[in-house]
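Right, one structure below, let's go through it.
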Amino acid sequence: MMLRTPAVSALVAAALVAGPILAAPAAAAPGSMVGADSIGDPYFQRQGNGGFDVRHCDIAFTYDPGTRQMTATATITAVATQDLSRFSLDFRGPTVSAVTVNAVAARFSRDDDKLFATPKNVLKAGRTFTVVITYAGEPGPMYDADGSVEGWVPTDDGAFVVGEPQGSAMWFPGNNHPTDKATFTFRATVPDGTTAVGNGTLVSQATHGGWTTFVWESREPMATYLATVTIGKFVVSEFTTASNIPVYTAVDPRLAKRAAPMLAEIPDIVDFFSSVFGPYPFSSTGAVIDYAPKVGYALETQTRPVFCDVPSDAIGTIAHELAHMWFGDSVSLTRWSDIWLNEGFATYAEWLWSEHNGGPTAQKLFERTYAPDKQSFWDVLLADPGVLNMFSYPPYDRGAMTLHALRVKVGDEVFFKILKEWTTAHRFGNATSADFVGLAERESQQDLGPFFDAWLYHTGKPTSW
């Protein structure tokens with residue numbers, strides 16, 4: 001994600017994180033057949049659900065940009081991890097009219113951010129089950145603790161759809177935490193002449209009666225916050241990288257001329273990062289450049305980052321978002337407090353791309369970033385920056401500096417071996433800061449405790465490494 005700046009008070013942040021105080025089921029007690037209604041992430045205490053593991057989500061919808069109305073059916077295939085008499089899903093979207101579990105009508109209820117389902121028969125641990133949710137209405141945006149907008153953001157010709165860290169629940173029900181990844185199918189029907197761009201591979205496109213249905217398959221596991229189906233009038237291009245990775249780009253015609261140099265860099269960036277970080281993890285790549293002036297940032301939606309405009313630092317920003325395919329999308333954080341594993345790594349990838357392309361070296365960029373003694377920057381704890389600082393400078397810049405300082409300490413050969421092993425060992429999975437520290441110590445055969453203690457686990461400006 002592009003850098004965001006905190007804009008609201010800690011009191012407002014707490015309200016947005018915790019969610020409203022409503023009569024919802026509490027986390028399940030040991031031995032209960034009620035699935036927990038939270039994963040237990042300290043930053044988003046209402047996010048995620050227990051008792052099941054989602055395997056596949058099929059989201060079929062019709063959306064009319066003129067009326068902003070959606071009719072949708074979400075089909076979720078999951079495996080019960082305990083006996084379940086009731087379970088919950090994250091959902092803040094339009095009105096639900098029906099829920100079935102294994103094709104049998106289920107009782108359901110809602111509060112502001114949860115959908116609770118009670119199947120007719122208890123779901124047995126280890127068994128696969130299917131939930132179908134039918135809903136309709138106007139999906140919309142939400143506002144984060146830092147004042148940024150996310151979710152389903154209407155535009156003048158469609159919708160800009162971004163979900164980090166909570167917004168996916170604005171338009172489809174799911175287990176909305178990065179630790180429950182699944183494959184996805186999106187079946188988006190929009191007025192003819194409008195394009196719906198999703199994650200993964202476009203497997204079909206058919207027009208009938210003035211409406212066009214786009215079917216996108218995301219065949220590799222994906223966290224819900226990385227899902228998108230961004231809709232609008234787009235100029236579409238399809239080509240491949242030198243290593244034969246399919247590239248699909250969509251750009252608002254108003255931005256096409258300015259966006260062309262940025263989009264032209266995608267094949268070289270992806271192939272360079274593949275040589276540095278290991279094989280590209282997904283079946284396709286690309287970008288969506290839309291006109292969504294109220295958003296103000298880009299997001300690393302899986303396989304196809306979305307941009308609300310052509311960024312001022314277009315080449316650096318596209319490099320940052322594409323680097324997230326390895327760091328954040330394939331290897332995902334386990335708790336949101338480890339956001340530096342996403343943003344610090346992607347920022348350092350920008351530095352590597354600059355170095356590779358004859359721009360300032362990573363060392364020079366480190367020196368520029370390290371030099372200022374701004375106390376507010378150095379007083380943010382990298383391994384736990386807090387909700388208001390998740391997308392502020394420290395996770396990005398201090399994160400990148402941490403990686404460069406590690407590179408200087410262990411040497412290039414070991415450092416780049418660490419990066420490749422990181423993306424290999426945790427491919428399509430989740431990891432923590434402690435996992436990275438352990439890997440760095442194993443590969444370098446050094447005690448890096450004091451180093452990481454200074455850079456990750458203490459505030460203040462590190463003075464040696």
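Going by the structure tokens order, chains are called A, B, ..., each with residues numbered from 1, while ligands are numbered from 1 in the order shown.
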Quick one: which stretch 32-58 of chain A residues come within 12 Å of stretch 383-388 of chain A, and what is the nearest atom pair for each with the distance in Å to one decimal, counting only C-alpha atoms, rows ordered by chain and ascending number, as JSON lines?
```
{"residue": "A:Asp41", "atom": "CA", "partner": "A:Val387", "partner_atom": "CA", "distance": 11.5}
{"residue": "A:Pro42", "atom": "CA", "partner": "A:Gly386", "partner_atom": "CA", "distance": 9.5}
{"residue": "A:Tyr43", "atom": "CA", "partner": "A:Val387", "partner_atom": "CA", "distance": 6.2}
{"residue": "A:Phe44", "atom": "CA", "partner": "A:Val387", "partner_atom": "CA", "distance": 8.6}
{"residue": "A:Gln45", "atom": "CA", "partner": "A:Val387", "partner_atom": "CA", "distance": 11.6}
```
Take the selection from the previous step and output its residues with N, CA, C and O atoms, as a tab-separated table (two decimals), in the first residue's frame.
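Result file is selection13.tsv:
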```
chain	number	residue	atom	x	y	z
A	41	ASP	N	-7.02	-10.84	16.90
A	41	ASP	CA	-5.97	-9.89	16.53
A	41	ASP	C	-6.09	-8.65	17.41
A	41	ASP	O	-7.15	-8.03	17.47
A	42	PRO	N	-5.01	-8.25	18.10
A	42	PRO	CA	-5.10	-7.10	19.02
A	42	PRO	C	-5.50	-5.80	18.33
A	42	PRO	O	-6.09	-4.93	18.97
A	43	TYR	N	-5.16	-5.62	17.05
A	43	TYR	CA	-5.47	-4.36	16.38
A	43	TYR	C	-6.93	-4.28	15.95
A	43	TYR	O	-7.50	-3.20	15.92
A	44	PHE	N	-7.51	-5.42	15.56
A	44	PHE	CA	-8.89	-5.44	15.08
A	44	PHE	C	-9.60	-6.58	15.80
A	44	PHE	O	-9.68	-7.70	15.32
A	45	GLN	N	-10.10	-6.24	16.98
A	45	GLN	CA	-10.58	-7.27	17.89
A	45	GLN	C	-11.87	-7.94	17.44
A	45	GLN	O	-12.25	-8.97	17.98
```
Please return as a PDB file with all heavy atoms, in the first residue's frame: the residues of stretch 218-438 of chain A that backbone DSSP assigns to strand (DSSP E).
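Everything below was put into part-v2.pdb:
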```pdb
ATOM      1  N   SER A 218      -8.994 -16.664  -9.048  1.00  0.00           N
ATOM      2  CA  SER A 218      -7.766 -16.512  -8.273  1.00  0.00           C
ATOM      3  C   SER A 218      -7.413 -17.885  -7.731  1.00  0.00           C
ATOM      4  O   SER A 218      -7.979 -18.343  -6.737  1.00  0.00           O
ATOM      5  CB  SER A 218      -7.971 -15.501  -7.142  1.00  0.00           C
ATOM      6  OG  SER A 218      -6.769 -15.277  -6.455  1.00  0.00           O
ATOM      7  N   ARG A 219      -6.512 -18.578  -8.398  1.00  0.00           N
ATOM      8  CA  ARG A 219      -6.273 -19.995  -8.141  1.00  0.00           C
ATOM      9  C   ARG A 219      -5.263 -20.245  -7.035  1.00  0.00           C
ATOM     10  O   ARG A 219      -5.128 -21.375  -6.554  1.00  0.00           O
ATOM     11  CB  ARG A 219      -5.823 -20.682  -9.438  1.00  0.00           C
ATOM     12  CG  ARG A 219      -6.933 -20.679 -10.492  1.00  0.00           C
ATOM     13  CD  ARG A 219      -6.436 -21.028 -11.877  1.00  0.00           C
ATOM     14  NE  ARG A 219      -7.529 -20.973 -12.848  1.00  0.00           N
ATOM     15  CZ  ARG A 219      -7.370 -20.726 -14.147  1.00  0.00           C
ATOM     16  NH1 ARG A 219      -6.159 -20.481 -14.623  1.00  0.00           N
ATOM     17  NH2 ARG A 219      -8.407 -20.693 -14.963  1.00  0.00           N
ATOM     18  N   GLU A 220      -4.536 -19.208  -6.663  1.00  0.00           N
ATOM     19  CA  GLU A 220      -3.624 -19.337  -5.527  1.00  0.00           C
ATOM     20  C   GLU A 220      -4.307 -18.719  -4.304  1.00  0.00           C
ATOM     21  O   GLU A 220      -5.109 -17.803  -4.431  1.00  0.00           O
ATOM     22  CB  GLU A 220      -2.296 -18.632  -5.801  1.00  0.00           C
ATOM     23  CG  GLU A 220      -1.526 -19.191  -6.989  1.00  0.00           C
ATOM     24  CD  GLU A 220      -1.861 -18.522  -8.312  1.00  0.00           C
ATOM     25  OE1 GLU A 220      -2.576 -17.487  -8.278  1.00  0.00           O
ATOM     26  OE2 GLU A 220      -1.433 -19.017  -9.362  1.00  0.00           O
ATOM     27  N   PRO A 221      -3.975 -19.203  -3.099  1.00  0.00           N
ATOM     28  CA  PRO A 221      -4.642 -18.698  -1.894  1.00  0.00           C
ATOM     29  C   PRO A 221      -4.481 -17.188  -1.750  1.00  0.00           C
ATOM     30  O   PRO A 221      -3.420 -16.627  -2.056  1.00  0.00           O
ATOM     31  CB  PRO A 221      -3.939 -19.450  -0.759  1.00  0.00           C
ATOM     32  CG  PRO A 221      -3.388 -20.679  -1.403  1.00  0.00           C
ATOM     33  CD  PRO A 221      -3.016 -20.284  -2.798  1.00  0.00           C
ATOM     34  N   MET A 222      -5.535 -16.558  -1.253  1.00  0.00           N
ATOM     35  CA  MET A 222      -5.545 -15.102  -1.123  1.00  0.00           C
ATOM     36  C   MET A 222      -6.253 -14.695   0.163  1.00  0.00           C
ATOM     37  O   MET A 222      -7.300 -15.251   0.510  1.00  0.00           O
ATOM     38  CB  MET A 222      -6.269 -14.487  -2.332  1.00  0.00           C
ATOM     39  CG  MET A 222      -6.370 -12.973  -2.304  1.00  0.00           C
ATOM     40  SD  MET A 222      -6.934 -12.273  -3.889  1.00  0.00           S
ATOM     41  CE  MET A 222      -8.635 -12.828  -3.932  1.00  0.00           C
ATOM     42  N   VAL A 229     -12.730  -6.379  -7.207  1.00  0.00           N
ATOM     43  CA  VAL A 229     -13.333  -6.348  -8.537  1.00  0.00           C
ATOM     44  C   VAL A 229     -13.612  -4.868  -8.800  1.00  0.00           C
ATOM     45  O   VAL A 229     -14.667  -4.344  -8.441  1.00  0.00           O
ATOM     46  CB  VAL A 229     -14.621  -7.184  -8.640  1.00  0.00           C
ATOM     47  CG1 VAL A 229     -15.178  -7.094 -10.053  1.00  0.00           C
ATOM     48  CG2 VAL A 229     -14.376  -8.645  -8.287  1.00  0.00           C
ATOM     49  N   THR A 230     -12.645  -4.195  -9.385  1.00  0.00           N
ATOM     50  CA  THR A 230     -12.763  -2.760  -9.638  1.00  0.00           C
ATOM     51  C   THR A 230     -13.440  -2.547 -10.988  1.00  0.00           C
ATOM     52  O   THR A 230     -13.102  -3.217 -11.971  1.00  0.00           O
ATOM     53  CB  THR A 230     -11.390  -2.091  -9.550  1.00  0.00           C
ATOM     54  OG1 THR A 230     -10.999  -2.049  -8.164  1.00  0.00           O
ATOM     55  CG2 THR A 230     -11.395  -0.685 -10.106  1.00  0.00           C
ATOM     56  N   ILE A 231     -14.396  -1.624 -11.026  1.00  0.00           N
ATOM     57  CA  ILE A 231     -15.317  -1.496 -12.146  1.00  0.00           C
ATOM     58  C   ILE A 231     -15.242  -0.095 -12.732  1.00  0.00           C
ATOM     59  O   ILE A 231     -15.201   0.896 -11.995  1.00  0.00           O
ATOM     60  CB  ILE A 231     -16.754  -1.797 -11.665  1.00  0.00           C
ATOM     61  CG1 ILE A 231     -16.862  -3.249 -11.196  1.00  0.00           C
ATOM     62  CG2 ILE A 231     -17.787  -1.493 -12.740  1.00  0.00           C
ATOM     63  CD1 ILE A 231     -18.112  -3.543 -10.392  1.00  0.00           C
ATOM     64  N   GLY A 232     -15.227  -0.013 -14.074  1.00  0.00           N
ATOM     65  CA  GLY A 232     -15.233   1.290 -14.710  1.00  0.00           C
ATOM     66  C   GLY A 232     -15.049   1.183 -16.200  1.00  0.00           C
ATOM     67  O   GLY A 232     -15.062   0.091 -16.789  1.00  0.00           O
ATOM     68  N   VAL A 235      -9.273   1.202 -20.621  1.00  0.00           N
ATOM     69  CA  VAL A 235      -8.496   0.724 -21.765  1.00  0.00           C
ATOM     70  C   VAL A 235      -7.705  -0.488 -21.271  1.00  0.00           C
ATOM     71  O   VAL A 235      -6.902  -0.365 -20.341  1.00  0.00           O
ATOM     72  CB  VAL A 235      -7.539   1.811 -22.289  1.00  0.00           C
ATOM     73  CG1 VAL A 235      -6.683   1.253 -23.427  1.00  0.00           C
ATOM     74  CG2 VAL A 235      -8.313   3.041 -22.735  1.00  0.00           C
ATOM     75  N   VAL A 236      -7.940  -1.640 -21.872  1.00  0.00           N
ATOM     76  CA  VAL A 236      -7.350  -2.894 -21.415  1.00  0.00           C
ATOM     77  C   VAL A 236      -6.233  -3.321 -22.353  1.00  0.00           C
ATOM     78  O   VAL A 236      -6.365  -3.233 -23.583  1.00  0.00           O
ATOM     79  CB  VAL A 236      -8.424  -3.994 -21.332  1.00  0.00           C
ATOM     80  CG1 VAL A 236      -7.790  -5.352 -21.057  1.00  0.00           C
ATOM     81  CG2 VAL A 236      -9.449  -3.658 -20.262  1.00  0.00           C
ATOM     82  N   SER A 237      -5.128  -3.788 -21.781  1.00  0.00           N
ATOM     83  CA  SER A 237      -4.021  -4.349 -22.554  1.00  0.00           C
ATOM     84  C   SER A 237      -3.617  -5.679 -21.949  1.00  0.00           C
ATOM     85  O   SER A 237      -3.638  -5.851 -20.725  1.00  0.00           O
ATOM     86  CB  SER A 237      -2.812  -3.402 -22.555  1.00  0.00           C
ATOM     87  OG  SER A 237      -3.133  -2.167 -23.163  1.00  0.00           O
ATOM     88  N   GLU A 238      -3.233  -6.615 -22.803  1.00  0.00           N
ATOM     89  CA  GLU A 238      -2.763  -7.929 -22.357  1.00  0.00           C
ATOM     90  C   GLU A 238      -1.476  -8.272 -23.095  1.00  0.00           C
ATOM     91  O   GLU A 238      -1.395  -8.147 -24.318  1.00  0.00           O
ATOM     92  CB  GLU A 238      -3.814  -9.006 -22.610  1.00  0.00           C
ATOM     93  CG  GLU A 238      -5.104  -8.798 -21.841  1.00  0.00           C
ATOM     94  CD  GLU A 238      -6.107  -9.908 -22.058  1.00  0.00           C
ATOM     95  OE1 GLU A 238      -5.847 -11.044 -21.589  1.00  0.00           O
ATOM     96  OE2 GLU A 238      -7.134  -9.655 -22.711  1.00  0.00           O
ATOM     97  N   PHE A 239      -0.456  -8.691 -22.347  1.00  0.00           N
ATOM     98  CA  PHE A 239       0.836  -9.069 -22.923  1.00  0.00           C
ATOM     99  C   PHE A 239       1.535  -9.983 -21.935  1.00  0.00           C
ATOM    100  O   PHE A 239       0.911 -10.451 -20.978  1.00  0.00           O
ATOM    101  CB  PHE A 239       1.668  -7.825 -23.266  1.00  0.00           C
ATOM    102  CG  PHE A 239       1.736  -6.781 -22.186  1.00  0.00           C
ATOM    103  CD1 PHE A 239       2.842  -6.696 -21.347  1.00  0.00           C
ATOM    104  CD2 PHE A 239       0.710  -5.854 -22.015  1.00  0.00           C
ATOM    105  CE1 PHE A 239       2.919  -5.733 -20.358  1.00  0.00           C
ATOM    106  CE2 PHE A 239       0.775  -4.880 -21.028  1.00  0.00           C
ATOM    107  CZ  PHE A 239       1.883  -4.821 -20.191  1.00  0.00           C
ATOM    108  N   THR A 240       2.798 -10.280 -22.131  1.00  0.00           N
ATOM    109  CA  THR A 240       3.534 -11.153 -21.214  1.00  0.00           C
ATOM    110  C   THR A 240       4.892 -10.550 -20.889  1.00  0.00           C
ATOM    111  O   THR A 240       5.416  -9.721 -21.634  1.00  0.00           O
ATOM    112  CB  THR A 240       3.743 -12.567 -21.796  1.00  0.00           C
ATOM    113  OG1 THR A 240       4.517 -12.457 -23.005  1.00  0.00           O
ATOM    114  CG2 THR A 240       2.427 -13.252 -22.098  1.00  0.00           C
ATOM    115  N   PRO A 246       1.700 -13.818 -17.749  1.00  0.00           N
ATOM    116  CA  PRO A 246       0.671 -12.967 -18.362  1.00  0.00           C
ATOM    117  C   PRO A 246       0.483 -11.657 -17.593  1.00  0.00           C
ATOM    118  O   PRO A 246       0.460 -11.653 -16.358  1.00  0.00           O
ATOM    119  CB  PRO A 246      -0.589 -13.838 -18.289  1.00  0.00           C
ATOM    120  CG  PRO A 246      -0.104 -15.234 -18.120  1.00  0.00           C
ATOM    121  CD  PRO A 246       1.171 -15.123 -17.324  1.00  0.00           C
ATOM    122  N   VAL A 247       0.343 -10.572 -18.344  1.00  0.00           N
ATOM    123  CA  VAL A 247       0.131  -9.243 -17.770  1.00  0.00           C
ATOM    124  C   VAL A 247      -1.201  -8.697 -18.297  1.00  0.00           C
ATOM    125  O   VAL A 247      -1.441  -8.704 -19.504  1.00  0.00           O
ATOM    126  CB  VAL A 247       1.261  -8.271 -18.144  1.00  0.00           C
ATOM    127  CG1 VAL A 247       1.037  -6.903 -17.491  1.00  0.00           C
ATOM    128  CG2 VAL A 247       2.622  -8.836 -17.759  1.00  0.00           C
ATOM    129  N   TYR A 248      -2.062  -8.253 -17.370  1.00  0.00           N
ATOM    130  CA  TYR A 248      -3.346  -7.652 -17.738  1.00  0.00           C
ATOM    131  C   TYR A 248      -3.409  -6.290 -17.068  1.00  0.00           C
ATOM    132  O   TYR A 248      -3.329  -6.199 -15.835  1.00  0.00           O
ATOM    133  CB  TYR A 248      -4.497  -8.536 -17.261  1.00  0.00           C
ATOM    134  CG  TYR A 248      -5.897  -8.070 -17.620  1.00  0.00           C
ATOM    135  CD1 TYR A 248      -6.636  -8.710 -18.611  1.00  0.00           C
ATOM    136  CD2 TYR A 248      -6.498  -7.012 -16.936  1.00  0.00           C
ATOM    137  CE1 TYR A 248      -7.928  -8.304 -18.924  1.00  0.00           C
ATOM    138  CE2 TYR A 248      -7.783  -6.589 -17.245  1.00  0.00           C
ATOM    139  CZ  TYR A 248      -8.500  -7.243 -18.237  1.00  0.00           C
ATOM    140  OH  TYR A 248      -9.779  -6.850 -18.537  1.00  0.00           O
ATOM    141  N   THR A 249      -3.534  -5.232 -17.867  1.00  0.00           N
ATOM    142  CA  THR A 249      -3.638  -3.891 -17.303  1.00  0.00           C
ATOM    143  C   THR A 249      -4.934  -3.234 -17.763  1.00  0.00           C
ATOM    144  O   THR A 249      -5.423  -3.481 -18.863  1.00  0.00           O
ATOM    145  CB  THR A 249      -2.453  -2.999 -17.709  1.00  0.00           C
ATOM    146  OG1 THR A 249      -2.477  -2.778 -19.124  1.00  0.00           O
ATOM    147  CG2 THR A 249      -1.135  -3.640 -17.314  1.00  0.00           C
ATOM    148  N   ALA A 250      -5.488  -2.412 -16.891  1.00  0.00           N
ATOM    149  CA  ALA A 250      -6.694  -1.645 -17.202  1.00  0.00           C
ATOM    150  C   ALA A 250      -6.491  -0.232 -16.690  1.00  0.00           C
ATOM    151  O   ALA A 250      -6.136  -0.033 -15.524  1.00  0.00           O
ATOM    152  CB  ALA A 250      -7.915  -2.283 -16.552  1.00  0.00           C
ATOM    153  N   VAL A 251      -6.720   0.748 -17.546  1.00  0.00           N
ATOM    154  CA  VAL A 251      -6.470   2.136 -17.158  1.00  0.00           C
ATOM    155  C   VAL A 251      -7.634   3.010 -17.620  1.00  0.00           C
ATOM    156  O   VAL A 251      -8.158   2.847 -18.724  1.00  0.00           O
ATOM    157  CB  VAL A 251      -5.117   2.634 -17.731  1.00  0.00           C
ATOM    158  CG1 VAL A 251      -5.073   2.524 -19.245  1.00  0.00           C
ATOM    159  CG2 VAL A 251      -4.813   4.052 -17.284  1.00  0.00           C
ATOM    160  N   THR A 285      -0.063 -11.132 -13.572  1.00  0.00           N
ATOM    161  CA  THR A 285       0.260  -9.865 -12.925  1.00  0.00           C
ATOM    162  C   THR A 285      -0.387  -8.739 -13.707  1.00  0.00           C
ATOM    163  O   THR A 285      -1.153  -8.976 -14.644  1.00  0.00           O
ATOM    164  CB  THR A 285       1.784  -9.672 -12.800  1.00  0.00           C
ATOM    165  OG1 THR A 285       2.049  -8.546 -11.957  1.00  0.00           O
ATOM    166  CG2 THR A 285       2.453  -9.488 -14.144  1.00  0.00           C
ATOM    167  N   GLY A 286      -0.123  -7.495 -13.313  1.00  0.00           N
ATOM    168  CA  GLY A 286      -0.702  -6.367 -14.014  1.00  0.00           C
ATOM    169  C   GLY A 286      -0.976  -5.206 -13.086  1.00  0.00           C
ATOM    170  O   GLY A 286      -0.340  -5.049 -12.041  1.00  0.00           O
ATOM    171  N   ALA A 287      -1.974  -4.385 -13.453  1.00  0.00           N
ATOM    172  CA  ALA A 287      -2.329  -3.209 -12.652  1.00  0.00           C
ATOM    173  C   ALA A 287      -3.658  -2.655 -13.137  1.00  0.00           C
ATOM    174  O   ALA A 287      -4.046  -2.848 -14.291  1.00  0.00           O
ATOM    175  CB  ALA A 287      -1.250  -2.132 -12.762  1.00  0.00           C
ATOM    176  N   VAL A 288      -4.348  -1.942 -12.232  1.00  0.00           N
ATOM    177  CA  VAL A 288      -5.550  -1.184 -12.569  1.00  0.00           C
ATOM    178  C   VAL A 288      -5.308   0.258 -12.143  1.00  0.00           C
ATOM    179  O   VAL A 288      -5.021   0.516 -10.966  1.00  0.00           O
ATOM    180  CB  VAL A 288      -6.798  -1.734 -11.845  1.00  0.00           C
ATOM    181  CG1 VAL A 288      -8.035  -0.918 -12.237  1.00  0.00           C
ATOM    182  CG2 VAL A 288      -7.006  -3.203 -12.150  1.00  0.00           C
ATOM    183  N   ILE A 289      -5.404   1.168 -13.089  1.00  0.00           N
ATOM    184  CA  ILE A 289      -5.238   2.588 -12.779  1.00  0.00           C
ATOM    185  C   ILE A 289      -6.571   3.268 -13.056  1.00  0.00           C
ATOM    186  O   ILE A 289      -6.989   3.430 -14.205  1.00  0.00           O
ATOM    187  CB  ILE A 289      -4.104   3.223 -13.597  1.00  0.00           C
ATOM    188  CG1 ILE A 289      -2.800   2.455 -13.374  1.00  0.00           C
ATOM    189  CG2 ILE A 289      -3.933   4.693 -13.208  1.00  0.00           C
ATOM    190  CD1 ILE A 289      -1.631   2.976 -14.170  1.00  0.00           C
ATOM    191  N   ALA A 298      -2.680   3.680  -3.308  1.00  0.00           N
ATOM    192  CA  ALA A 298      -2.737   2.455  -4.102  1.00  0.00           C
ATOM    193  C   ALA A 298      -2.720   1.269  -3.158  1.00  0.00           C
ATOM    194  O   ALA A 298      -2.319   1.385  -1.995  1.00  0.00           O
ATOM    195  CB  ALA A 298      -1.548   2.377  -5.054  1.00  0.00           C
ATOM    196  N   LEU A 299      -3.164   0.108  -3.647  1.00  0.00           N
ATOM    197  CA  LEU A 299      -3.173  -1.092  -2.825  1.00  0.00           C
ATOM    198  C   LEU A 299      -2.717  -2.285  -3.651  1.00  0.00           C
ATOM    199  O   LEU A 299      -3.061  -2.408  -4.828  1.00  0.00           O
ATOM    200  CB  LEU A 299      -4.569  -1.354  -2.263  1.00  0.00           C
ATOM    201  CG  LEU A 299      -4.693  -2.587  -1.347  1.00  0.00           C
ATOM    202  CD1 LEU A 299      -3.885  -2.402  -0.066  1.00  0.00           C
ATOM    203  CD2 LEU A 299      -6.151  -2.863  -1.000  1.00  0.00           C
ATOM    204  N   VAL A 306      -4.116  -1.937  -7.524  1.00  0.00           N
ATOM    205  CA  VAL A 306      -5.024  -0.885  -7.980  1.00  0.00           C
ATOM    206  C   VAL A 306      -4.495   0.470  -7.528  1.00  0.00           C
ATOM    207  O   VAL A 306      -4.005   0.626  -6.410  1.00  0.00           O
ATOM    208  CB  VAL A 306      -6.466  -1.112  -7.479  1.00  0.00           C
ATOM    209  CG1 VAL A 306      -7.083  -2.325  -8.154  1.00  0.00           C
ATOM    210  CG2 VAL A 306      -6.526  -1.263  -5.972  1.00  0.00           C
ATOM    211  N   PHE A 307      -4.620   1.464  -8.420  1.00  0.00           N
ATOM    212  CA  PHE A 307      -4.125   2.815  -8.190  1.00  0.00           C
ATOM    213  C   PHE A 307      -5.274   3.784  -8.420  1.00  0.00           C
ATOM    214  O   PHE A 307      -5.988   3.685  -9.422  1.00  0.00           O
ATOM    215  CB  PHE A 307      -2.975   3.139  -9.148  1.00  0.00           C
ATOM    216  CG  PHE A 307      -1.799   2.210  -9.023  1.00  0.00           C
ATOM    217  CD1 PHE A 307      -1.814   0.955  -9.632  1.00  0.00           C
ATOM    218  CD2 PHE A 307      -0.680   2.571  -8.287  1.00  0.00           C
ATOM    219  CE1 PHE A 307      -0.746   0.093  -9.511  1.00  0.00           C
ATOM    220  CE2 PHE A 307       0.399   1.706  -8.159  1.00  0.00           C
ATOM    221  CZ  PHE A 307       0.365   0.461  -8.768  1.00  0.00           C
ATOM    222  N   SER A 332       2.190 -13.667   3.983  1.00  0.00           N
ATOM    223  CA  SER A 332       1.307 -12.708   4.655  1.00  0.00           C
ATOM    224  C   SER A 332       1.587 -12.660   6.145  1.00  0.00           C
ATOM    225  O   SER A 332       2.047 -13.636   6.740  1.00  0.00           O
ATOM    226  CB  SER A 332      -0.157 -13.103   4.431  1.00  0.00           C
ATOM    227  OG  SER A 332      -0.464 -13.121   3.051  1.00  0.00           O
ATOM    228  N   LEU A 333       1.283 -11.513   6.726  1.00  0.00           N
ATOM    229  CA  LEU A 333       1.479 -11.375   8.166  1.00  0.00           C
ATOM    230  C   LEU A 333       0.477 -12.240   8.935  1.00  0.00           C
ATOM    231  O   LEU A 333      -0.582 -12.611   8.420  1.00  0.00           O
ATOM    232  CB  LEU A 333       1.380  -9.912   8.584  1.00  0.00           C
ATOM    233  CG  LEU A 333       0.223  -9.056   8.068  1.00  0.00           C
ATOM    234  CD1 LEU A 333      -1.083  -9.379   8.745  1.00  0.00           C
ATOM    235  CD2 LEU A 333       0.558  -7.582   8.212  1.00  0.00           C
ATOM    236  N   ASN A 430       1.611 -17.694   6.187  1.00  0.00           N
ATOM    237  CA  ASN A 430       1.690 -16.549   7.097  1.00  0.00           C
ATOM    238  C   ASN A 430       2.955 -16.659   7.937  1.00  0.00           C
ATOM    239  O   ASN A 430       3.457 -17.761   8.165  1.00  0.00           O
ATOM    240  CB  ASN A 430       0.477 -16.504   8.015  1.00  0.00           C
ATOM    241  CG  ASN A 430      -0.826 -16.393   7.258  1.00  0.00           C
ATOM    242  OD1 ASN A 430      -1.356 -17.380   6.763  1.00  0.00           O
ATOM    243  ND2 ASN A 430      -1.357 -15.190   7.142  1.00  0.00           N
ATOM    244  N   ALA A 431       3.451 -15.512   8.393  1.00  0.00           N
ATOM    245  CA  ALA A 431       4.687 -15.512   9.170  1.00  0.00           C
ATOM    246  C   ALA A 431       4.692 -14.321  10.119  1.00  0.00           C
ATOM    247  O   ALA A 431       3.831 -13.437  10.051  1.00  0.00           O
ATOM    248  CB  ALA A 431       5.901 -15.475   8.242  1.00  0.00           C
TER     249      ALA A 431
END
```
What's the 6 Å shell around stretch 61-69 of chain A, counting only C-alpha atoms, without same-chain residues fewer than 6 positions away, as an mmCIF file with all heavy atoms, in the first residue's frame?
```cif
data_model
loop_
_atom_site.group_PDB
_atom_site.id
_atom_site.type_symbol
_atom_site.label_atom_id
_atom_site.label_comp_id
_atom_site.auth_asym_id
_atom_site.auth_seq_id
_atom_site.Cartn_x
_atom_site.Cartn_y
_atom_site.Cartn_z
ATOM 1 N N GLY A 137 -28.526 -4.688 -2.341
ATOM 2 C CA GLY A 137 -28.571 -3.328 -1.835
ATOM 3 C C GLY A 137 -27.404 -2.525 -2.366
ATOM 4 O O GLY A 137 -26.809 -2.860 -3.391
ATOM 5 N N GLU A 138 -27.058 -1.485 -1.646
ATOM 6 C CA GLU A 138 -25.980 -0.595 -2.072
ATOM 7 C C GLU A 138 -24.736 -0.821 -1.220
ATOM 8 O O GLU A 138 -24.706 -0.423 -0.054
ATOM 9 C CB GLU A 138 -26.414 0.867 -1.964
ATOM 10 C CG GLU A 138 -25.361 1.843 -2.477
ATOM 11 C CD GLU A 138 -25.830 3.295 -2.449
ATOM 12 O OE1 GLU A 138 -27.056 3.519 -2.370
ATOM 13 O OE2 GLU A 138 -24.960 4.190 -2.506
ATOM 14 N N GLY A 158 -18.110 3.670 -11.969
ATOM 15 C CA GLY A 158 -18.106 2.310 -11.427
ATOM 16 C C GLY A 158 -17.799 2.274 -9.955
ATOM 17 O O GLY A 158 -18.471 2.924 -9.145
ATOM 18 N N ALA A 188 -18.699 -11.182 -12.092
ATOM 19 C CA ALA A 188 -19.198 -9.813 -12.012
ATOM 20 C C ALA A 188 -19.953 -9.452 -13.289
ATOM 21 O O ALA A 188 -19.381 -9.497 -14.390
ATOM 22 C CB ALA A 188 -18.038 -8.846 -11.809
ATOM 23 N N THR A 189 -21.221 -9.094 -13.150
ATOM 24 C CA THR A 189 -22.047 -8.682 -14.280
ATOM 25 C C THR A 189 -22.282 -7.178 -14.184
ATOM 26 O O THR A 189 -22.796 -6.674 -13.176
ATOM 27 C CB THR A 189 -23.387 -9.432 -14.273
ATOM 28 O OG1 THR A 189 -23.138 -10.842 -14.359
ATOM 29 C CG2 THR A 189 -24.241 -9.014 -15.453
ATOM 30 N N VAL A 190 -21.898 -6.462 -15.250
ATOM 31 C CA VAL A 190 -21.964 -5.005 -15.276
ATOM 32 C C VAL A 190 -22.520 -4.568 -16.628
ATOM 33 O O VAL A 190 -22.542 -5.340 -17.592
ATOM 34 C CB VAL A 190 -20.565 -4.394 -15.048
ATOM 35 C CG1 VAL A 190 -20.072 -4.683 -13.634
ATOM 36 C CG2 VAL A 190 -19.561 -4.907 -16.079
#
```
